[in-house]
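Beneath this line is the structure, given in structure tokens, with notes to follow.
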Amino acid sequence: MQQIDVMSSFAICGAGALLGAAMLRPSLAQEAAAAEALRTCRGAYAAIGVALLLPLFLDKPVPLWSQASTTLGVVGGIVALAWSLAALSGTPASRTGLWLLLGAALALTLAALPLGTPGLTAACTLGLAAGATLTAWMSRRLWLRPRDRHERLIGIAVWVMFASSWLRASYLHSWQGPYQDHLMHVPPAMAAPFTLMYAVLPVVFAMLLMNVINARLQEGLRQRAMTDHLTGTLSRHALADNAGALIGQLRRQQGDVLAVLMIDLDEFKRINDRHGHAAGDAVLRHVAQRLRGQLRGDALLARYGGEEFVALAPVAELPVARRLAERLRQAVESSDWSEVMPGLQRVTASLGVTLMNGDETLEAALARADEALYRAKNSGRNQVQTGLAAA
């Protein structure tokens, strides 16, 4: 294989780091922690890229101050990368700790400066190995419990960096020749592999980081579409789009018919008019909590309208479904509403319940449950009415 000189390696590695920095866009991150991770990583890559490219514009041999800046940029950049991956994985890492370690990297560089090129070579190599070890530790959640293949690949990249850094340290330990101002002392046959790895790793890290951010953004959007933001229940949109899959899953697991319950709060407009919309929102949240407390874990609860909820629950027969509906009604009525909103004395709900059998659609069952709910409203509210069986 044709060998690559070390200064060309610096150019390739520095360009790769700057390209990685250019790829990172914190504005795309939905979470503050993810945006902070991208900003820190972008700063780390920029520091590494500048530190590696700076010697190319200086006279040879490279002066000690430039060797020192390369040492500080590389070691400090790896430390910042560790902090960015910690933020991405959710590992607690204070900003103060980052600045303290960057200060330690500066102190290491200044301590090695009087020793000349040998001292700076040792500081750069060992500092890089220590930074890679720190990165592996602080990103442990990504490779121990990855949520997707992108996080798993980040873990692999972290361990490649860790192994290569300590391999480079072992080469320095056995180095017999004179020390050069490029600070990277590896066997000639390893110059090309190290160059390619250092050039590719920043771009790989940047791509994987953005893939993780995009995957989390898509999951967040999916959760928003699936969940009613006020009550935390399923949204009507989610119920409509996923009814077939959800109902099929329930039937495969339980083998029972499904109860369809329509739950409507009585005289909810009066609550809003008398106590305000904030009180109405508090009532809806509390009702959702009370309803979930009465439903099994395999049941579904969705906010269907303003003050209307729909529940789907596996049952054996209609009397069981009616008893479930009564428990839901009593859970709403028996709440201590004065704790939810001072001055609020009583909230009740009317329910319509029916069974969905065979291949009947959810829309047809909901229509029959809604008809039963209409009868409950017209019969005095705060009661359960049963819908007709499917034809």
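Letters A, B, ... mark the chains of the structure tokens in the order given; residue numbers begin at 1 per chain; ligand numbers begin at 1, in order shown.
Using only C-alpha atoms, the residues found no farther than 7 Å from segment 46-62 of chain A, other than those of its own chain fewer than 2 positions away, are Phe10, Ala11, Gly14, Ala15, Ala17, Leu18, Ala21, Arg42, Gly43, Ala44, Leu64, Ser66, Gln67, Ser69, Thr70, Gly73, Val74, Gly77 and Asp181 of chain A.
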For the helix (DSSP H, G or I) assignment from backbone DSSP, which residues of segment 170-265 of chain A qualify? Please present them as a short mmCIF file (atom, residue, chain, number, x, y, z; two decimals) with N, CA and C atoms, in the first residue's frame.
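This went into part-v2.cif:
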```
data_model
loop_
_atom_site.label_atom_id
_atom_site.label_comp_id
_atom_site.auth_asym_id
_atom_site.auth_seq_id
_atom_site.Cartn_x
_atom_site.Cartn_y
_atom_site.Cartn_z
N SER A 170 0.72 2.45 22.86
CA SER A 170 1.67 1.34 22.94
C SER A 170 2.80 1.51 21.92
N TYR A 171 2.49 2.04 20.75
CA TYR A 171 3.53 2.32 19.77
C TYR A 171 4.52 3.36 20.29
N LEU A 172 3.98 4.37 20.98
CA LEU A 172 4.86 5.40 21.53
C LEU A 172 5.77 4.81 22.62
N HIS A 173 5.22 3.90 23.42
CA HIS A 173 6.00 3.30 24.49
C HIS A 173 7.22 2.53 23.95
N PRO A 188 5.56 2.91 10.07
CA PRO A 188 5.19 3.40 8.74
C PRO A 188 4.02 2.64 8.12
N ALA A 189 3.95 1.35 8.37
CA ALA A 189 2.86 0.56 7.78
C ALA A 189 1.51 0.93 8.36
N MET A 190 1.50 1.59 9.56
CA MET A 190 0.24 1.94 10.20
C MET A 190 -0.20 3.36 9.92
N ALA A 191 0.62 4.12 9.20
CA ALA A 191 0.27 5.52 8.94
C ALA A 191 -1.01 5.63 8.12
N ALA A 192 -1.13 4.82 7.08
CA ALA A 192 -2.33 4.88 6.23
C ALA A 192 -3.59 4.46 6.99
N PRO A 193 -3.56 3.30 7.73
CA PRO A 193 -4.77 2.94 8.48
C PRO A 193 -5.19 3.99 9.51
N PHE A 194 -4.21 4.55 10.23
CA PHE A 194 -4.56 5.58 11.21
C PHE A 194 -5.12 6.82 10.53
N THR A 195 -4.53 7.17 9.39
CA THR A 195 -5.01 8.35 8.67
C THR A 195 -6.46 8.16 8.24
N LEU A 196 -6.74 7.01 7.63
CA LEU A 196 -8.10 6.76 7.16
C LEU A 196 -9.09 6.73 8.32
N MET A 197 -8.67 6.10 9.42
CA MET A 197 -9.57 6.01 10.56
C MET A 197 -9.85 7.39 11.15
N TYR A 198 -8.82 8.22 11.35
CA TYR A 198 -9.02 9.53 11.93
C TYR A 198 -9.80 10.46 10.99
N ALA A 199 -9.67 10.22 9.69
CA ALA A 199 -10.43 11.04 8.74
C ALA A 199 -11.90 10.63 8.70
N VAL A 200 -12.15 9.33 8.83
CA VAL A 200 -13.52 8.83 8.71
C VAL A 200 -14.31 8.98 9.99
N LEU A 201 -13.66 8.76 11.16
CA LEU A 201 -14.39 8.75 12.42
C LEU A 201 -15.20 10.03 12.68
N PRO A 202 -14.64 11.23 12.48
CA PRO A 202 -15.45 12.43 12.74
C PRO A 202 -16.71 12.49 11.89
N VAL A 203 -16.58 12.12 10.60
CA VAL A 203 -17.75 12.15 9.72
C VAL A 203 -18.76 11.09 10.14
N VAL A 204 -18.25 9.90 10.51
CA VAL A 204 -19.13 8.83 10.96
C VAL A 204 -19.88 9.25 12.22
N PHE A 205 -19.14 9.82 13.19
CA PHE A 205 -19.78 10.29 14.42
C PHE A 205 -20.86 11.32 14.11
N ALA A 206 -20.54 12.28 13.23
CA ALA A 206 -21.51 13.32 12.91
C ALA A 206 -22.76 12.74 12.26
N MET A 207 -22.58 11.82 11.32
CA MET A 207 -23.73 11.20 10.66
C MET A 207 -24.58 10.41 11.66
N LEU A 208 -23.92 9.64 12.53
CA LEU A 208 -24.67 8.85 13.49
C LEU A 208 -25.39 9.74 14.50
N LEU A 209 -24.74 10.81 14.93
CA LEU A 209 -25.39 11.73 15.86
C LEU A 209 -26.65 12.32 15.24
N MET A 210 -26.54 12.75 13.99
CA MET A 210 -27.71 13.32 13.32
C MET A 210 -28.79 12.26 13.10
N ASN A 211 -28.38 11.03 12.82
CA ASN A 211 -29.37 9.95 12.67
C ASN A 211 -30.11 9.69 13.97
N VAL A 212 -29.37 9.72 15.09
CA VAL A 212 -30.01 9.54 16.40
C VAL A 212 -30.99 10.68 16.67
N ILE A 213 -30.56 11.91 16.38
CA ILE A 213 -31.44 13.07 16.61
C ILE A 213 -32.68 12.97 15.74
N ASN A 214 -32.49 12.60 14.47
CA ASN A 214 -33.64 12.48 13.56
C ASN A 214 -34.59 11.37 14.01
N ALA A 215 -34.02 10.24 14.46
CA ALA A 215 -34.87 9.14 14.94
C ALA A 215 -35.68 9.57 16.15
N ARG A 216 -35.05 10.31 17.06
CA ARG A 216 -35.77 10.78 18.24
C ARG A 216 -36.82 11.82 17.87
N LEU A 217 -36.49 12.66 16.89
CA LEU A 217 -37.46 13.65 16.44
C LEU A 217 -38.69 12.96 15.84
N GLN A 218 -38.46 11.96 15.01
CA GLN A 218 -39.59 11.23 14.41
C GLN A 218 -40.41 10.52 15.46
N GLU A 219 -39.74 9.94 16.46
CA GLU A 219 -40.48 9.27 17.54
C GLU A 219 -41.29 10.27 18.34
N GLY A 220 -40.70 11.46 18.58
CA GLY A 220 -41.44 12.48 19.29
C GLY A 220 -42.67 12.94 18.53
N LEU A 221 -42.53 13.10 17.21
CA LEU A 221 -43.68 13.49 16.40
C LEU A 221 -44.73 12.39 16.39
N ARG A 222 -44.28 11.14 16.35
CA ARG A 222 -45.23 10.03 16.37
C ARG A 222 -45.99 10.00 17.69
N GLN A 223 -45.26 10.21 18.79
CA GLN A 223 -45.91 10.22 20.09
C GLN A 223 -46.88 11.38 20.22
N ARG A 224 -46.52 12.52 19.65
CA ARG A 224 -47.44 13.66 19.69
C ARG A 224 -48.71 13.37 18.91
N ALA A 225 -48.55 12.70 17.78
CA ALA A 225 -49.73 12.37 16.98
C ALA A 225 -50.58 11.30 17.67
N MET A 226 -49.93 10.43 18.45
CA MET A 226 -50.65 9.35 19.10
C MET A 226 -51.29 9.77 20.42
N ARG A 236 -57.82 10.97 19.36
CA ARG A 236 -58.83 10.42 18.45
C ARG A 236 -58.19 10.03 17.13
N HIS A 237 -57.23 10.83 16.68
CA HIS A 237 -56.52 10.52 15.45
C HIS A 237 -55.80 9.18 15.57
N ALA A 238 -55.14 8.95 16.72
CA ALA A 238 -54.42 7.70 16.91
C ALA A 238 -55.38 6.52 16.97
N LEU A 239 -56.52 6.73 17.62
CA LEU A 239 -57.51 5.66 17.72
C LEU A 239 -58.02 5.29 16.34
N ALA A 240 -58.27 6.30 15.49
CA ALA A 240 -58.79 6.03 14.15
C ALA A 240 -57.74 5.35 13.28
N ASP A 241 -56.50 5.82 13.35
CA ASP A 241 -55.46 5.29 12.48
C ASP A 241 -54.98 3.91 12.90
N ASN A 242 -55.05 3.62 14.20
CA ASN A 242 -54.46 2.39 14.70
C ASN A 242 -55.49 1.41 15.26
N ALA A 243 -56.76 1.71 15.04
CA ALA A 243 -57.81 0.87 15.63
C ALA A 243 -57.68 -0.58 15.20
N GLY A 244 -57.46 -0.81 13.90
CA GLY A 244 -57.39 -2.18 13.40
C GLY A 244 -56.28 -2.97 14.06
N ALA A 245 -55.08 -2.38 14.12
CA ALA A 245 -53.94 -3.08 14.71
C ALA A 245 -54.13 -3.28 16.21
N LEU A 246 -54.63 -2.24 16.88
CA LEU A 246 -54.80 -2.33 18.32
C LEU A 246 -55.87 -3.35 18.70
N ILE A 247 -56.97 -3.33 17.99
CA ILE A 247 -58.05 -4.28 18.28
C ILE A 247 -57.60 -5.70 17.98
N GLY A 248 -56.91 -5.89 16.86
CA GLY A 248 -56.40 -7.21 16.52
C GLY A 248 -55.44 -7.74 17.57
N GLN A 249 -54.58 -6.87 18.10
CA GLN A 249 -53.64 -7.27 19.13
C GLN A 249 -54.38 -7.69 20.41
N LEU A 250 -55.38 -6.90 20.80
CA LEU A 250 -56.14 -7.24 21.99
C LEU A 250 -56.84 -8.58 21.84
N ARG A 251 -57.43 -8.82 20.67
CA ARG A 251 -58.15 -10.07 20.46
C ARG A 251 -57.20 -11.26 20.42
N ARG A 252 -56.04 -11.09 19.85
CA ARG A 252 -55.09 -12.20 19.81
C ARG A 252 -54.60 -12.55 21.21
N GLN A 253 -54.45 -11.52 22.04
CA GLN A 253 -53.94 -11.75 23.39
C GLN A 253 -55.01 -12.32 24.31
N GLN A 254 -56.24 -11.82 24.19
CA GLN A 254 -57.26 -12.18 25.15
C GLN A 254 -58.28 -13.18 24.62
#
```
TODO: Just give me the gap between atom CA of Arg168 of chain A and atom CA of Ala129 of chain A in Å, one decimal is fine.
DONE: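 These atoms are spaced 8.2 Å apart.
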Task: Gap from atom CA of Ser174 of chain A to atom CA of Thr133 of chain A - Å, one decimal - done: 21.0 Å
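Within segment 44-270 of chain A, DSSP run on the backbone puts these residues in strand (DSSP E): Leu234, Ser235, Val257, Leu258, Ala259, Val260, Leu261, Met262, Ile263, Asp264 and Leu265 of chain A.
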Task: Top pick for closest residue to Val283 of chain A, considering A:Val310, A:Val257, A:Leu230, A:Val315 and counting only C-alpha atoms - done: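 Checking each of A:Val310, A:Val257, A:Leu230, A:Val315 against Val283 of chain A, counting only C-alpha atoms, the winner is A:Leu230.
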Task: Glu333 of chain A environment, 8 Å, only C-alpha atoms, sequence neighbours closer than 6 positions dropped, as a ChimeraX atom specification - done: /A:346-349
Could you write out that same residue set with C-alpha atoms as an mmCIF file, in the first residue's frame?
```cif
data_model
loop_
_atom_site.group_PDB
_atom_site.id
_atom_site.type_symbol
_atom_site.label_atom_id
_atom_site.label_comp_id
_atom_site.auth_asym_id
_atom_site.auth_seq_id
_atom_site.Cartn_x
_atom_site.Cartn_y
_atom_site.Cartn_z
ATOM 1 C CA ARG A 346 -69.319 17.525 41.876
ATOM 2 C CA VAL A 347 -68.540 16.143 38.438
ATOM 3 C CA THR A 348 -70.436 13.247 36.904
ATOM 4 C CA ALA A 349 -70.338 11.308 33.657
#
```
TODO: Compare A:Leu19, A:Leu261, A:Met184, A:Val158 by their minimum atom-to-atom distance to Leu120 of chain A, counting only C-alpha atoms, and give me the closest one.
DONE: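 Nearest to Leu120 of chain A: A:Met184.
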Open item on the list: Would you pick out the contacts of Phe162 of chain A at 10 Å or less, using only C-alpha atoms, so that residues sharing its chain but fewer than 3 positions from it are not included, and give the list as an NGL selection string?
Closed with: :A and (128-136 or 156-159 or 165-167)
Task: Selected residue of minimal separation from Ala331 of chain A among A:Gly293, A:Pro314, A:Gly127, A:Pro319, counting only C-alpha atoms - done: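 So, comparing all the options, the nearest one is A:Gly293.
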Open item on the list: Can you tell me which residues surround Ala376 of chain A at a distance of at most 12 Å, considering only C-alpha atoms, apart from same-chain residues fewer than 2 positions away, and format the answer as JSON, numbers by chain?
Closed with: {"A": [262, 263, 264, 265, 266, 329, 349, 350, 351, 352, 353, 369, 370, 371, 372, 373, 374, 378, 379, 380, 381, 382, 383, 384, 385, 386, 387]}
TODO: Could you give me, as JSON, numbers by chain, the residues within 10 Å of Ala112 of chain A, counting only C-alpha atoms and dropping anything in the same chain fewer than 3 positions from it?
DONE: {"A": [68, 71, 106, 107, 108, 109, 115, 116, 117, 118, 119, 120, 121, 122, 123, 124]}
Selection file, N, CA and C atoms, as a CSV table (one decimal), in the first residue's frame:
```csv
chain,number,residue,atom,x,y,z
A,68,ALA,N,2.0,22.5,20.8
A,68,ALA,CA,1.2,22.6,22.0
A,68,ALA,C,-0.2,22.9,21.7
A,71,THR,N,-1.7,19.6,20.6
A,71,THR,CA,-2.0,18.8,21.7
A,71,THR,C,-3.3,19.2,22.5
A,106,LEU,N,-5.3,21.8,29.5
A,106,LEU,CA,-4.4,22.9,29.3
A,106,LEU,C,-3.2,22.8,30.2
A,107,ALA,N,-3.4,22.4,31.5
A,107,ALA,CA,-2.3,22.2,32.4
A,107,ALA,C,-1.4,21.1,32.0
A,108,LEU,N,-1.9,20.0,31.4
A,108,LEU,CA,-1.0,19.0,30.9
A,108,LEU,C,-0.2,19.5,29.8
A,109,THR,N,-0.8,20.3,28.9
A,109,THR,CA,0.0,20.8,27.8
A,109,THR,C,1.1,21.8,28.2
A,115,LEU,N,9.4,20.3,28.2
A,115,LEU,CA,10.1,19.1,27.8
A,115,LEU,C,10.2,19.0,26.3
A,116,GLY,N,9.7,20.0,25.5
A,116,GLY,CA,9.9,20.0,24.1
A,116,GLY,C,9.0,19.0,23.4
A,117,THR,N,9.4,18.6,22.2
A,117,THR,CA,8.6,17.7,21.3
A,117,THR,C,8.4,16.3,22.0
A,118,PRO,N,9.4,15.7,22.7
A,118,PRO,CA,9.1,14.4,23.4
A,118,PRO,C,8.0,14.6,24.4
A,119,GLY,N,8.0,15.6,25.2
A,119,GLY,CA,7.0,15.8,26.2
A,119,GLY,C,5.6,16.1,25.6
A,120,LEU,N,5.5,16.9,24.6
A,120,LEU,CA,4.3,17.2,23.9
A,120,LEU,C,3.7,15.9,23.2
A,121,THR,N,4.6,15.1,22.7
A,121,THR,CA,4.2,13.8,22.0
A,121,THR,C,3.5,12.9,23.1
A,122,ALA,N,4.2,12.8,24.2
A,122,ALA,CA,3.6,12.0,25.3
A,122,ALA,C,2.3,12.6,25.8
A,123,ALA,N,2.2,13.9,26.0
A,123,ALA,CA,1.0,14.5,26.4
A,123,ALA,C,-0.1,14.3,25.5
A,124,CYS,N,0.1,14.5,24.2
A,124,CYS,CA,-0.9,14.3,23.1
A,124,CYS,C,-1.4,12.9,23.1
```
- [ ] Can you pull out every residue within 12 Å of Gly103 of chain A, counting only C-alpha atoms, but drop anything in the same chain fewer than 5 positions away, and send it as an NGL selection string?
- [x] :A and (72 or 75-76 or 79-80 or 96-98 or 108-110)
Since we have the selection now, will you write its residues out, keeping C-alpha atoms, as an mmCIF file, in the first residue's frame?
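Heads up, here's the output in again26.cif:
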```cif
data_model
loop_
_atom_site.group_PDB
_atom_site.id
_atom_site.type_symbol
_atom_site.label_atom_id
_atom_site.label_comp_id
_atom_site.auth_asym_id
_atom_site.auth_seq_id
_atom_site.Cartn_x
_atom_site.Cartn_y
_atom_site.Cartn_z
ATOM 1 C CA LEU A 72 -4.515 21.002 23.480
ATOM 2 C CA VAL A 75 -7.132 16.332 23.822
ATOM 3 C CA GLY A 76 -9.643 19.081 24.597
ATOM 4 C CA VAL A 79 -12.949 15.552 26.193
ATOM 5 C CA ALA A 80 -15.708 17.741 24.730
ATOM 6 C CA THR A 96 -18.462 22.685 35.343
ATOM 7 C CA GLY A 97 -16.907 19.245 35.040
ATOM 8 C CA LEU A 98 -16.263 19.847 31.339
ATOM 9 C CA LEU A 108 -1.049 18.983 30.903
ATOM 10 C CA THR A 109 -0.013 20.821 27.751
ATOM 11 C CA LEU A 110 1.748 23.605 29.673
#
```
TODO: Could you check which of A:Leu102, A:Ala33, A:Ala302, A:Leu142 is closest to Asp228 of chain A, using only C-alpha atoms?
DONE: A:Ala302
Open item on the list: I'd like to know which of A:Ile271, A:Ser89, A:Gln289, A:Cys13 is closest to Leu144 of chain A, using only C-alpha atoms.
Closed with: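 Ranking A:Ile271, A:Ser89, A:Gln289, A:Cys13 by distance to Leu144 of chain A, first place goes to A:Ser89.
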Task: Straight-line distance linking atom CA of Leu153 of chain A with atom CA of Trp137 of chain A, stated in Å to one decimal - done: 15.7 Å
